[in-house]
Each structure stands twice: as structure tokens, then as C-alpha cells.
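K.L.:
Below you'll find coords_27.cif; it's mmCIF, C-alpha atoms.
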```
data_run
#
loop_
_atom_site.label_atom_id
_atom_site.label_comp_id
_atom_site.auth_asym_id
_atom_site.auth_seq_id
_atom_site.Cartn_x
_atom_site.Cartn_y
_atom_site.Cartn_z
CA MET Q 1 -26.34 -20.95 13.27
CA TYR Q 2 -24.79 -19.54 10.08
CA HIS Q 3 -25.65 -16.44 8.10
CA LYS Q 4 -24.76 -15.48 4.54
CA GLU Q 5 -21.92 -13.05 3.93
CA LYS Q 6 -21.08 -11.03 0.83
CA SER Q 7 -20.20 -13.35 -2.07
CA ILE Q 8 -16.83 -13.36 -3.83
CA GLN Q 9 -17.12 -12.89 -7.58
CA ILE Q 10 -14.93 -15.10 -9.79
CA LYS Q 11 -13.88 -14.66 -13.41
CA ASN Q 12 -15.57 -17.84 -14.71
CA SER Q 13 -18.31 -20.11 -13.47
CA ALA Q 14 -17.64 -23.40 -11.68
CA SER Q 15 -17.55 -26.67 -13.61
CA ALA Q 16 -19.69 -29.60 -12.44
CA LEU Q 17 -16.83 -31.51 -10.81
CA TYR Q 18 -16.61 -33.25 -7.45
CA ASN Q 19 -14.98 -31.19 -4.69
CA ASN Q 20 -14.68 -28.13 -6.94
CA LEU Q 21 -13.49 -25.73 -4.27
CA SER Q 22 -10.28 -25.48 -2.30
CA VAL Q 23 -9.51 -23.08 0.53
CA LEU Q 24 -6.20 -22.09 2.15
CA ARG Q 25 -6.06 -19.82 5.18
CA ILE Q 26 -2.90 -17.67 5.42
CA ALA Q 27 -3.09 -16.47 9.03
CA PRO Q 28 0.12 -14.36 9.14
CA ARG Q 29 -1.08 -12.28 6.18
CA ARG Q 30 -4.77 -12.35 7.17
CA LEU Q 31 -5.67 -13.75 3.74
CA THR Q 32 -7.70 -16.66 2.44
CA TYR Q 33 -7.03 -18.23 -0.96
CA PHE Q 34 -9.88 -19.85 -2.92
CA THR Q 35 -9.64 -21.92 -6.11
CA VAL Q 36 -12.48 -23.00 -8.43
CA VAL Q 37 -12.10 -24.96 -11.68
CA HIS Q 38 -13.78 -23.84 -14.91
CA ALA Q 39 -13.11 -26.10 -17.94
CA ASN Q 40 -9.36 -25.63 -18.68
CA MET Q 41 -8.89 -22.80 -16.18
CA VAL Q 42 -8.34 -22.46 -12.44
CA ASN Q 43 -9.90 -19.32 -10.98
CA MET Q 44 -7.92 -18.22 -7.95
CA VAL Q 45 -8.99 -15.48 -5.55
CA SER Q 46 -7.02 -13.99 -2.67
CA ALA Q 47 -9.40 -12.39 -0.16
CA SER Q 48 -8.48 -10.29 2.86
CA TRP Q 49 -10.24 -11.18 6.12
CA ASP Q 50 -11.89 -7.77 6.35
CA GLY Q 51 -13.53 -8.35 2.96
CA LEU Q 52 -12.14 -5.15 1.47
CA ASP Q 53 -9.36 -6.46 -0.73
CA TYR Q 54 -9.50 -9.11 -3.47
CA SER Q 55 -7.02 -10.15 -6.13
CA HIS Q 56 -7.58 -12.61 -8.98
CA ARG Q 57 -5.33 -15.00 -10.87
CA GLN Q 58 -6.12 -17.57 -13.57
CA LEU Q 59 -4.05 -20.69 -14.26
CA GLN Q 60 -4.26 -22.84 -17.40
CA SER Q 61 -3.39 -26.50 -17.83
CA LYS Q 62 -1.01 -26.05 -20.77
CA GLU Q 63 2.05 -28.25 -20.66
CA PRO Q 64 4.97 -25.92 -19.88
CA THR Q 65 7.32 -27.24 -22.58
CA VAL Q 66 4.91 -27.83 -25.47
CA ALA Q 67 2.71 -25.33 -27.30
CA THR Q 68 -0.46 -27.43 -27.12
CA SER Q 69 -4.02 -26.42 -26.42
CA PRO Q 70 -5.08 -26.49 -22.78
CA SER Q 71 -6.74 -29.67 -21.52
CA LEU Q 72 -9.69 -29.98 -19.17
CA ILE Q 73 -8.78 -29.57 -15.52
CA MET Q 74 -10.28 -32.12 -13.13
CA GLN Q 75 -9.33 -30.64 -9.76
CA ALA Q 76 -7.30 -27.97 -8.00
CA ALA Q 77 -6.42 -28.36 -4.33
CA PHE Q 78 -4.09 -26.80 -1.78
CA CYS Q 79 -1.68 -29.23 -0.14
CA VAL Q 80 -0.41 -28.16 3.28
CA LEU Q 81 2.87 -29.77 4.35
CA PRO Q 82 4.80 -28.81 7.51
CA SER Q 83 7.50 -26.99 5.54
CA ARG Q 84 5.55 -25.57 2.58
CA ASP Q 85 2.14 -25.13 0.94
CA LEU Q 86 1.56 -26.05 -2.70
CA LEU Q 87 -1.34 -25.71 -5.12
CA VAL Q 88 -1.80 -28.96 -7.07
CA VAL Q 89 -3.73 -28.92 -10.37
CA THR Q 90 -4.72 -32.14 -12.15
CA SER Q 91 -5.89 -32.42 -15.74
CA GLN Q 92 -6.12 -34.76 -18.73
CA LYS Q 93 -2.50 -34.06 -19.63
CA GLY Q 94 -0.68 -33.99 -16.34
CA ILE Q 95 -0.18 -32.81 -12.79
CA GLN Q 96 1.06 -29.31 -12.03
CA MET Q 97 2.34 -28.12 -8.65
CA TYR Q 98 2.53 -24.38 -7.98
CA GLU Q 99 3.58 -22.21 -5.10
CA SER Q 100 0.46 -21.63 -3.00
CA ASP Q 101 -0.25 -18.20 -4.51
CA GLY Q 102 -0.12 -19.66 -8.04
CA SER Q 103 2.80 -17.44 -9.05
CA ILE Q 104 5.44 -20.09 -9.81
CA LEU Q 105 5.12 -23.50 -11.45
CA VAL Q 106 7.32 -25.75 -9.32
CA TYR Q 107 6.79 -29.15 -10.92
CA TRP Q 108 5.10 -30.81 -13.90
CA HIS Q 109 4.33 -34.51 -14.28
CA ALA Q 110 2.99 -35.71 -17.65
CA LEU Q 111 0.39 -38.48 -17.74
CA ASP Q 112 1.08 -41.55 -19.83
CA THR Q 113 -1.49 -42.28 -22.54
CA PRO Q 114 -2.08 -46.05 -22.82
CA GLU Q 115 -1.48 -47.63 -26.19
CA THR Q 116 -2.99 -50.66 -27.90
CA PRO Q 117 -0.71 -53.52 -29.01
CA THR Q 118 -0.71 -52.05 -32.51
CA GLY Q 119 0.56 -48.75 -31.23
CA GLU Q 120 -2.68 -46.89 -31.86
CA LEU Q 121 -3.98 -44.63 -29.12
CA THR Q 122 -7.01 -45.95 -27.27
CA ALA Q 123 -10.16 -43.94 -26.75
CA GLN Q 124 -9.89 -44.33 -22.98
CA ALA Q 125 -9.80 -41.01 -21.19
CA VAL Q 126 -6.78 -40.51 -18.94
CA PHE Q 127 -6.81 -37.92 -16.18
CA ALA Q 128 -5.79 -37.34 -12.59
CA ARG Q 129 -8.29 -36.66 -9.80
CA GLY Q 130 -8.06 -36.89 -6.00
CA ILE Q 131 -5.32 -34.94 -4.21
CA ALA Q 132 -3.97 -35.24 -0.65
CA ALA Q 133 -0.94 -34.06 1.31
CA VAL Q 134 0.28 -36.87 3.57
CA ARG Q 135 2.54 -36.57 6.59
CA GLU Q 136 5.68 -34.42 6.29
CA ASN Q 137 6.66 -34.77 2.67
CA TYR Q 138 4.21 -36.67 0.46
CA ILE Q 139 1.58 -35.55 -2.02
CA CYS Q 140 -0.67 -38.30 -3.40
CA VAL Q 141 -2.69 -37.98 -6.61
CA GLY Q 142 -5.30 -40.45 -7.89
CA MET Q 143 -5.62 -41.62 -11.48
CA SER Q 144 -8.41 -42.61 -13.85
CA THR Q 145 -6.24 -45.67 -14.59
CA CYS Q 146 -6.85 -46.74 -10.95
CA GLY Q 147 -3.36 -46.08 -9.60
CA ILE Q 148 -2.25 -43.56 -6.97
CA LEU Q 149 0.91 -41.56 -7.60
CA VAL Q 150 3.01 -40.80 -4.51
CA PHE Q 151 5.30 -37.77 -4.85
CA ASP Q 152 8.16 -37.07 -2.45
CA VAL Q 153 8.27 -33.30 -1.91
CA PRO Q 154 11.39 -31.62 -0.43
CA SER Q 155 11.06 -28.79 2.08
CA LYS Q 156 12.01 -26.32 -0.65
CA GLY Q 157 12.94 -26.27 -4.30
CA SER Q 158 11.61 -28.17 -7.30
CA ASN Q 159 13.33 -31.54 -6.85
CA ILE Q 160 10.01 -33.38 -6.52
CA THR Q 161 10.17 -37.08 -7.38
CA LEU Q 162 7.62 -39.81 -8.06
CA SER Q 163 8.51 -42.32 -5.35
CA GLU Q 164 5.78 -44.96 -5.67
CA VAL Q 165 2.62 -45.99 -7.50
CA LEU Q 166 -0.09 -47.67 -5.40
CA GLU Q 167 -2.19 -50.14 -7.37
CA GLU Q 168 -4.99 -51.53 -5.19
CA HIS Q 169 -7.99 -49.87 -6.82
CA LYS Q 170 -9.72 -51.58 -9.74
CA GLU Q 171 -11.79 -48.55 -10.77
CA PRO Q 172 -10.91 -44.87 -11.36
CA VAL Q 173 -9.96 -42.97 -8.21
CA THR Q 174 -12.45 -40.24 -7.27
CA ASP Q 175 -11.07 -38.64 -4.11
CA MET Q 176 -8.46 -38.96 -1.37
CA ALA Q 177 -7.94 -37.52 2.08
CA SER Q 178 -5.25 -37.63 4.73
CA GLU Q 179 -5.62 -37.74 8.50
CA CYS Q 180 -6.51 -34.17 9.51
CA SER Q 181 -6.86 -34.34 13.31
CA GLY Q 182 -3.21 -33.47 13.88
CA SER Q 183 -2.63 -36.51 16.08
CA GLN Q 184 0.73 -38.22 15.62
CA GLU Q 185 -0.63 -41.49 17.04
CA CYS Q 186 -3.15 -42.25 14.30
CA ILE Q 187 -2.63 -45.59 12.62
CA ALA Q 188 -4.12 -44.62 9.26
CA ASP Q 189 -2.63 -41.76 7.23
CA LEU Q 190 -4.60 -41.82 3.96
CA VAL Q 191 -7.91 -43.00 2.55
CA SER Q 192 -8.67 -43.26 -1.17
CA ALA Q 193 -12.02 -43.87 -2.88
CA ASP Q 194 -13.10 -44.95 -6.36
CA ASP Q 195 -16.00 -45.02 -8.80
CA GLY Q 196 -17.27 -48.31 -7.40
CA GLY Q 197 -17.50 -46.92 -3.89
CA ASN Q 198 -14.53 -48.97 -2.69
CA MET Q 199 -12.05 -47.39 -0.30
CA CYS Q 200 -8.46 -48.21 0.59
CA VAL Q 201 -6.89 -47.17 3.90
CA TRP Q 202 -3.13 -46.62 3.90
CA LYS Q 203 -0.21 -46.18 6.29
CA ALA Q 204 2.43 -43.79 4.96
CA GLY Q 205 6.18 -44.20 5.16
CA GLU Q 206 9.16 -44.84 2.89
CA GLU Q 207 6.73 -47.31 1.35
CA PHE Q 208 2.95 -47.02 1.71
CA HIS Q 209 1.20 -50.06 3.21
CA LEU Q 210 -2.43 -51.04 2.70
CA LEU Q 211 -4.16 -51.37 6.08
CA ASN Q 212 -7.70 -52.14 4.98
CA LYS Q 213 -10.07 -52.25 2.03
CA ILE Q 214 -13.65 -51.12 2.63
CA PRO Q 215 -15.95 -52.60 -0.05
CA GLY Q 216 -18.32 -50.42 -2.02
CA PHE Q 217 -21.93 -50.89 -3.07
CA ASP Q 218 -21.54 -50.28 -6.82
CA MET Q 219 -22.24 -46.60 -6.22
CA THR Q 220 -19.57 -43.93 -6.61
CA CYS Q 221 -17.92 -42.56 -3.48
CA SER Q 222 -17.42 -39.00 -4.66
CA SER Q 223 -15.91 -37.40 -1.55
CA VAL Q 224 -14.05 -38.79 1.43
CA LYS Q 225 -12.44 -37.51 4.66
CA LEU Q 226 -10.27 -39.06 7.39
CA TRP Q 227 -10.54 -37.76 10.97
CA LYS Q 228 -9.33 -39.34 14.22
CA GLY Q 229 -9.13 -42.76 12.60
CA THR Q 230 -12.66 -42.43 11.20
CA VAL Q 231 -13.51 -42.49 7.48
CA LEU Q 232 -16.34 -40.20 6.34
CA ALA Q 233 -17.63 -41.05 2.88
CA GLY Q 234 -20.21 -39.34 0.65
CA TYR Q 235 -21.95 -41.30 -2.12
CA GLY Q 236 -23.99 -40.87 -5.26
CA THR Q 237 -26.98 -42.18 -3.29
CA GLY Q 238 -26.92 -39.03 -1.16
CA GLN Q 239 -25.79 -41.05 1.85
CA ILE Q 240 -22.94 -40.40 4.25
CA ARG Q 241 -21.32 -43.45 5.82
CA VAL Q 242 -18.99 -43.37 8.81
CA TYR Q 243 -16.46 -46.20 9.16
CA GLU Q 244 -13.66 -47.11 11.52
CA ALA Q 245 -10.67 -46.82 9.21
CA VAL Q 246 -8.59 -49.83 10.27
CA THR Q 247 -11.36 -52.39 10.80
CA GLY Q 248 -13.93 -51.14 8.28
CA ILE Q 249 -16.70 -51.37 10.90
CA ILE Q 250 -19.57 -49.05 9.95
CA HIS Q 251 -20.55 -46.69 12.76
CA ALA Q 252 -23.34 -44.72 11.10
CA GLU Q 253 -25.25 -44.29 7.85
CA VAL Q 254 -27.06 -41.01 7.20
CA ASN Q 255 -29.54 -40.31 4.40
CA ALA Q 256 -28.10 -36.82 4.09
CA HIS Q 257 -29.16 -35.62 0.63
CA ALA Q 258 -31.86 -36.39 -1.92
CA ARG Q 259 -29.33 -36.47 -4.74
CA TRP Q 260 -25.63 -37.01 -5.43
CA ILE Q 261 -23.17 -35.76 -2.79
CA TYR Q 262 -20.44 -33.69 -4.45
CA SER Q 263 -18.41 -32.56 -1.48
CA LEU Q 264 -17.60 -33.32 2.16
CA ASP Q 265 -15.37 -31.39 4.54
CA ILE Q 266 -14.43 -31.70 8.20
CA ALA Q 267 -13.41 -29.02 10.70
CA PRO Q 268 -10.78 -31.01 12.64
CA PHE Q 269 -10.83 -28.93 15.84
CA SER Q 270 -14.60 -29.01 16.37
CA GLY Q 271 -15.78 -32.18 14.65
CA LEU Q 272 -18.17 -30.29 12.39
CA LEU Q 273 -18.90 -32.03 9.09
CA LEU Q 274 -20.01 -30.21 5.93
CA SER Q 275 -21.91 -31.98 3.14
CA ALA Q 276 -23.13 -30.56 -0.17
CA GLY Q 277 -25.08 -32.11 -3.00
CA GLU Q 278 -26.96 -31.79 -6.26
CA ASP Q 279 -30.15 -31.14 -4.28
CA SER Q 280 -29.05 -27.50 -3.69
CA LEU Q 281 -28.51 -28.16 0.02
CA VAL Q 282 -25.47 -27.62 2.21
CA ARG Q 283 -25.74 -29.31 5.58
CA VAL Q 284 -23.66 -29.03 8.73
CA TRP Q 285 -23.37 -32.01 11.09
CA HIS Q 286 -21.56 -32.61 14.36
CA LEU Q 287 -19.57 -35.78 15.02
CA THR Q 288 -19.07 -37.10 18.54
CA LEU Q 289 -16.54 -39.91 19.03
CA THR Q 290 -16.83 -42.01 22.19
CA PRO Q 291 -13.70 -44.18 22.55
CA GLU Q 292 -15.06 -46.05 25.57
CA THR Q 293 -17.90 -47.54 23.55
CA ASN Q 294 -16.12 -47.30 20.18
CA SER Q 295 -19.07 -45.40 18.75
CA VAL Q 296 -19.70 -42.31 16.61
CA GLU Q 297 -22.79 -40.13 16.82
CA VAL Q 298 -23.84 -37.83 13.98
CA ALA Q 299 -26.14 -34.90 14.80
CA HIS Q 300 -27.66 -32.53 12.26
CA LEU Q 301 -27.06 -28.85 13.11
CA HIS Q 302 -27.79 -26.59 10.14
CA ASN Q 303 -29.16 -26.32 6.57
CA GLU Q 304 -28.51 -23.82 3.82
CA CYS Q 305 -30.34 -23.94 0.48
CA VAL Q 306 -28.71 -22.39 -2.60
CA THR Q 307 -31.85 -22.22 -4.72
CA ASP Q 308 -31.78 -23.81 -8.18
CA THR Q 309 -28.06 -24.56 -7.89
CA GLN Q 310 -26.23 -27.84 -8.33
CA ILE Q 311 -23.66 -27.46 -5.58
CA CYS Q 312 -20.27 -28.87 -6.53
CA GLY Q 313 -17.93 -27.60 -3.81
CA ALA Q 314 -18.12 -26.81 -0.09
CA LYS Q 315 -15.25 -26.15 2.29
CA PHE Q 316 -14.76 -24.83 5.79
CA CYS Q 317 -12.58 -21.71 5.85
CA ASP Q 318 -10.95 -22.55 9.20
CA GLY Q 319 -10.23 -25.51 11.46
CA ASP Q 320 -13.07 -24.72 13.87
CA GLY Q 321 -15.81 -24.55 11.26
CA TYR Q 322 -16.63 -20.92 12.06
CA ALA Q 323 -17.13 -20.15 8.35
CA PHE Q 324 -17.61 -22.11 5.15
CA ALA Q 325 -17.75 -21.41 1.42
CA VAL Q 326 -19.82 -22.94 -1.40
CA THR Q 327 -19.62 -23.13 -5.21
CA GLY Q 328 -22.25 -24.27 -7.69
CA TYR Q 329 -22.32 -25.38 -11.30
CA ASP Q 330 -22.52 -22.41 -13.70
CA LEU Q 331 -22.25 -20.02 -10.74
CA SER Q 332 -19.67 -17.20 -11.05
CA GLU Q 333 -19.36 -16.57 -7.34
CA ILE Q 334 -18.19 -18.15 -4.12
CA ILE Q 335 -20.90 -17.91 -1.46
CA ARG Q 336 -19.68 -17.55 2.11
CA TYR Q 337 -21.40 -18.24 5.44
CA THR Q 338 -20.23 -17.46 8.97
CA GLN Q 339 -21.57 -18.38 12.38
CA THR Q 340 -23.94 -15.94 14.01
#
```
What does this structure look like when you write it as C-alpha cells?
P.N.:
Amino acid sequence: MYHKEKSIQIKNSASALYNNLSVLRIAPRRLTYFTVVHANMVNMVSASWDGLDYSHRQLQSKEPTVATSPSLIMQAAFCVLPSRDLLVVTSQKGIQMYESDGSILVYWHALDTPETPTGELTAQAVFARGIAAVRENYICVGMSTCGILVFDVPSKGSNITLSEVLEEHKEPVTDMASECSGSQECIADLVSADDGGNMCVWKAGEEFHLLNKIPGFDMTCSSVKLWKGTVLAGYGTGQIRVYEAVTGIIHAEVNAHARWIYSLDIAPFSGLLLSAGEDSLVRVWHLTLTPETNSVEVAHLHNECVTDTQICGAKFCDGDGYAFAVTGYDLSEIIRYTQT
């Protein structure tokens, strides 16, 4: 079903982080942007569709106003809003928002370091992880301190404001996803997951409202997606679970991988689901939703094995799932596959 294309070389290898690949398709310019995190650096590649032209950029996590050493980056993800696209980078020091090509730093938000009653810094690690663009003007970012920061993003300019902090999770946030089907009638707008496998389903607006909490099984939910009111969750057990977002009813449970799942992605136009794990496998599934019976069927379509590689990122390169890309720990390339 898919065949391997020429790989894209990157400046540094990929770190072993969940969801360590982000892809943005720029149709008017016939370009695709890729980002991969390595330690305190974001490797960014702009690739032409004909495969003949590549340009590279590297972004560091240094705080823009202080000459401090760079901190470890936890995630880099493109956020697509109706009026603009931004690249959001989260680290141990703060949250940076760039123009989508990485050329201009638009906004910086510093993370608060918790203090003990005596004023001494605690040893608790503080970082941001889990990024999602929600509706017309919100970008949500998860925190190791269990909260979710909601940023209000104007259609242009740098007047980005922190509008709300959501505090339903009791464990560090691992990933977040917004509704990606394009339907304006969906009840749920955002799903967030944490280290205990618990998920929160949200409705966006001037204030975000909690619609449902889906309990975990004391196993990390490392990657999550929201599509047509359905939550798709990947776990450290190697399982994929499919839930109805608003009720929490489980539709399906798939023993998808032999080891930890690091990344899920959905092609919203075709219902193709991509899963990737520590077992060196990337798998493509097809989801069929049947509203009449309120059921979801999951069918396995395709396997790719990246030999001796701990896969840490996998993303479709388009909304139909015609092509996808993969990264692996200590791998200095982005491997691409397209349909035959």
C-alpha cells in the first residue's frame, strides 16, 4: 500500500520524546515543513514537493531576554488556525511561538518554577508538553504541573495573551489534540491526556468547559487524537483505545504494538490512523464510523518496519493519508512513505 521514498536528512538526530515530529503542508508554495526535536534544538526542514529543494533551520530554546544556557525542548508542533499558522516550541524554561517558517519569534511565555515555603527551589522538573490549536483563536499547551494553559491568539501580531488555566488533571499532561474533522457541529473541541492515562474532553469558548473525564488504567496515554467526536488514544501498553468523546463509551481496543506507543496521527478526510511505537513498527489502520449503530470499526491496512529503531514520531503529510513521515531515536533522517 505504501512504498519508501528518499529520506530527508536532518542536522541532528531525534530525541526519544513522544510525538517527536510535526508536519505542515504549505499548498500554495508546494512546500512541506518538518520539525524534529534534538535535546535543546529544533531541526526544521522545508522540502519542496518535487523532492529537489531542501532548506534547513535550527531553533534553540534560549529565553529571548536573558543570556542563559538553552534548556531541553520537550516538543515542537505546528498550530494551524484559520487566520495564521504558528510553530509552538515547549521546553523546561518556557513556551515559544514562531511564525510557521521559524523566522520570527512572535511570543514568549516563561514557566513558573514552584518554590518551597522556605523559598528554596524544589527539585521538581517543570516543563510544557502537549500542544493543540483549538477553534479560531486558541492555542492550548499542557504542563508537567498538571495544568493546561489557554492562549488567545489574534489574527495577526504578537498580542498573544494567557486567557485561562485549566486544572482538571492530577498528573503531568502528556498530549493534547483538537477536533480535526472540520465539522462545525462537533460537541467536543479538545481532548487532553496525562501520565496516568486519564483524559479530559473539553468544549472551547470564552471559557473552556469540561464535558467528560475518561479514567485511565495507571498506564501513560502518550498520544491522543480527536476525530468526529471520537477519541483515539495510544498507551504505554502498546494498545489503542477508541472512545466516544462525550460519553466515554469504549468502542474498540486494539493490541496494536508490542511496546510503548509514541505517536498517533489521523488523516481526517479518509479516516486513516497511523500508529508508531518502540517496537520499530509503523502501522496504518482504517476507521469506519457507523452513526446508525453508534459503532466504530478498526481495520488493519499496512505495516512498515524501521529495523532496530525506536520510533518516536509519525505523521501523515496530508489530510487524505496519501503519504506519511517517520522519525526514530538517534536517527538523523526523516523517512517518508507514499501510497503506491
K.L.:
Find the spatial neighbours of Ser100 in chain Q, counting all atoms listed in the file, within a cut-off of 8 Å - ignore same-chain residues fewer than 5 positions away - and output them as a ChimeraX atom specification.
P.N.:
/Q:78,85-87
K.L.:
With C-alpha atoms retained, export the selected residues as a PDB file, keeping the file's coordinate frame.
P.N.:
```pdb
ATOM      1  CA  PHE Q  78      -4.090 -26.800  -1.780  1.00  0.00           C
ATOM      2  CA  ASP Q  85       2.140 -25.130   0.940  1.00  0.00           C
ATOM      3  CA  LEU Q  86       1.560 -26.050  -2.700  1.00  0.00           C
ATOM      4  CA  LEU Q  87      -1.340 -25.710  -5.120  1.00  0.00           C
TER       5      LEU Q  87
END
```
K.L.:
Would you translate the PyMOL selection byres ((chain Q and resi 188) around 12) into the concrete set of residues it matches in this file, as an mmCIF file with C-alpha atoms, in the frame of the given file?
P.N.:
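Saved as part-v7.cif:
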```cif
data_model
loop_
_atom_site.group_PDB
_atom_site.id
_atom_site.type_symbol
_atom_site.label_atom_id
_atom_site.label_comp_id
_atom_site.auth_asym_id
_atom_site.auth_seq_id
_atom_site.Cartn_x
_atom_site.Cartn_y
_atom_site.Cartn_z
ATOM 1 C CA VAL Q 134 0.280 -36.870 3.570
ATOM 2 C CA ARG Q 135 2.540 -36.570 6.590
ATOM 3 C CA ALA Q 177 -7.940 -37.520 2.080
ATOM 4 C CA SER Q 178 -5.250 -37.630 4.730
ATOM 5 C CA GLU Q 179 -5.620 -37.740 8.500
ATOM 6 C CA CYS Q 180 -6.510 -34.170 9.510
ATOM 7 C CA SER Q 181 -6.860 -34.340 13.310
ATOM 8 C CA SER Q 183 -2.630 -36.510 16.080
ATOM 9 C CA GLN Q 184 0.730 -38.220 15.620
ATOM 10 C CA GLU Q 185 -0.630 -41.490 17.040
ATOM 11 C CA CYS Q 186 -3.150 -42.250 14.300
ATOM 12 C CA ILE Q 187 -2.630 -45.590 12.620
ATOM 13 C CA ASP Q 189 -2.630 -41.760 7.230
ATOM 14 C CA LEU Q 190 -4.600 -41.820 3.960
ATOM 15 C CA VAL Q 191 -7.910 -43.000 2.550
ATOM 16 C CA SER Q 192 -8.670 -43.260 -1.170
ATOM 17 C CA CYS Q 200 -8.460 -48.210 0.590
ATOM 18 C CA VAL Q 201 -6.890 -47.170 3.900
ATOM 19 C CA TRP Q 202 -3.130 -46.620 3.900
ATOM 20 C CA LYS Q 203 -0.210 -46.180 6.290
ATOM 21 C CA ALA Q 204 2.430 -43.790 4.960
ATOM 22 C CA GLY Q 205 6.180 -44.200 5.160
ATOM 23 C CA PHE Q 208 2.950 -47.020 1.710
ATOM 24 C CA HIS Q 209 1.200 -50.060 3.210
ATOM 25 C CA LEU Q 210 -2.430 -51.040 2.700
ATOM 26 C CA LEU Q 211 -4.160 -51.370 6.080
ATOM 27 C CA ASN Q 212 -7.700 -52.140 4.980
ATOM 28 C CA LYS Q 225 -12.440 -37.510 4.660
ATOM 29 C CA LEU Q 226 -10.270 -39.060 7.390
ATOM 30 C CA TRP Q 227 -10.540 -37.760 10.970
ATOM 31 C CA LYS Q 228 -9.330 -39.340 14.220
ATOM 32 C CA GLY Q 229 -9.130 -42.760 12.600
ATOM 33 C CA THR Q 230 -12.660 -42.430 11.200
ATOM 34 C CA VAL Q 231 -13.510 -42.490 7.480
ATOM 35 C CA GLU Q 244 -13.660 -47.110 11.520
ATOM 36 C CA ALA Q 245 -10.670 -46.820 9.210
ATOM 37 C CA VAL Q 246 -8.590 -49.830 10.270
ATOM 38 C CA THR Q 247 -11.360 -52.390 10.800
ATOM 39 C CA GLY Q 248 -13.930 -51.140 8.280
#
```
K.L.:
Could you give me, as a list in words, the residues within 8 Å of Ala233 in chain Q, counting only C-alpha atoms and dropping anything in the same chain fewer than 2 positions from it?
P.N.:
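Once the nearby chain positions are removed, what remains is Cys221, Ser222, Ser223, Val224, Lys225, Val231, Tyr235, Ile240, Arg241, Val242 and Leu264 of chain Q.
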K.L.:
Within 10 Å of Val254 in chain Q, counting all atoms listed in the file, which residues qualify if same-chain residues fewer than 3 places away don't, as a PyMOL selection string?
P.N.:
chain Q and resi 234+238-242+257+298-300
K.L.:
What box, with edges along x, y and z, holds each listed atom of range 189-208 of chain Q when 8 Å is added on every side, and can you state its centre and edge lengths in Å to one decimal, as AutoDock Vina command-line options?
P.N.:
```
--center_x -4.2 --center_y -45.4 --center_z -0.8 --size_x 42.7 --size_y 23.2 --size_z 32.0
```
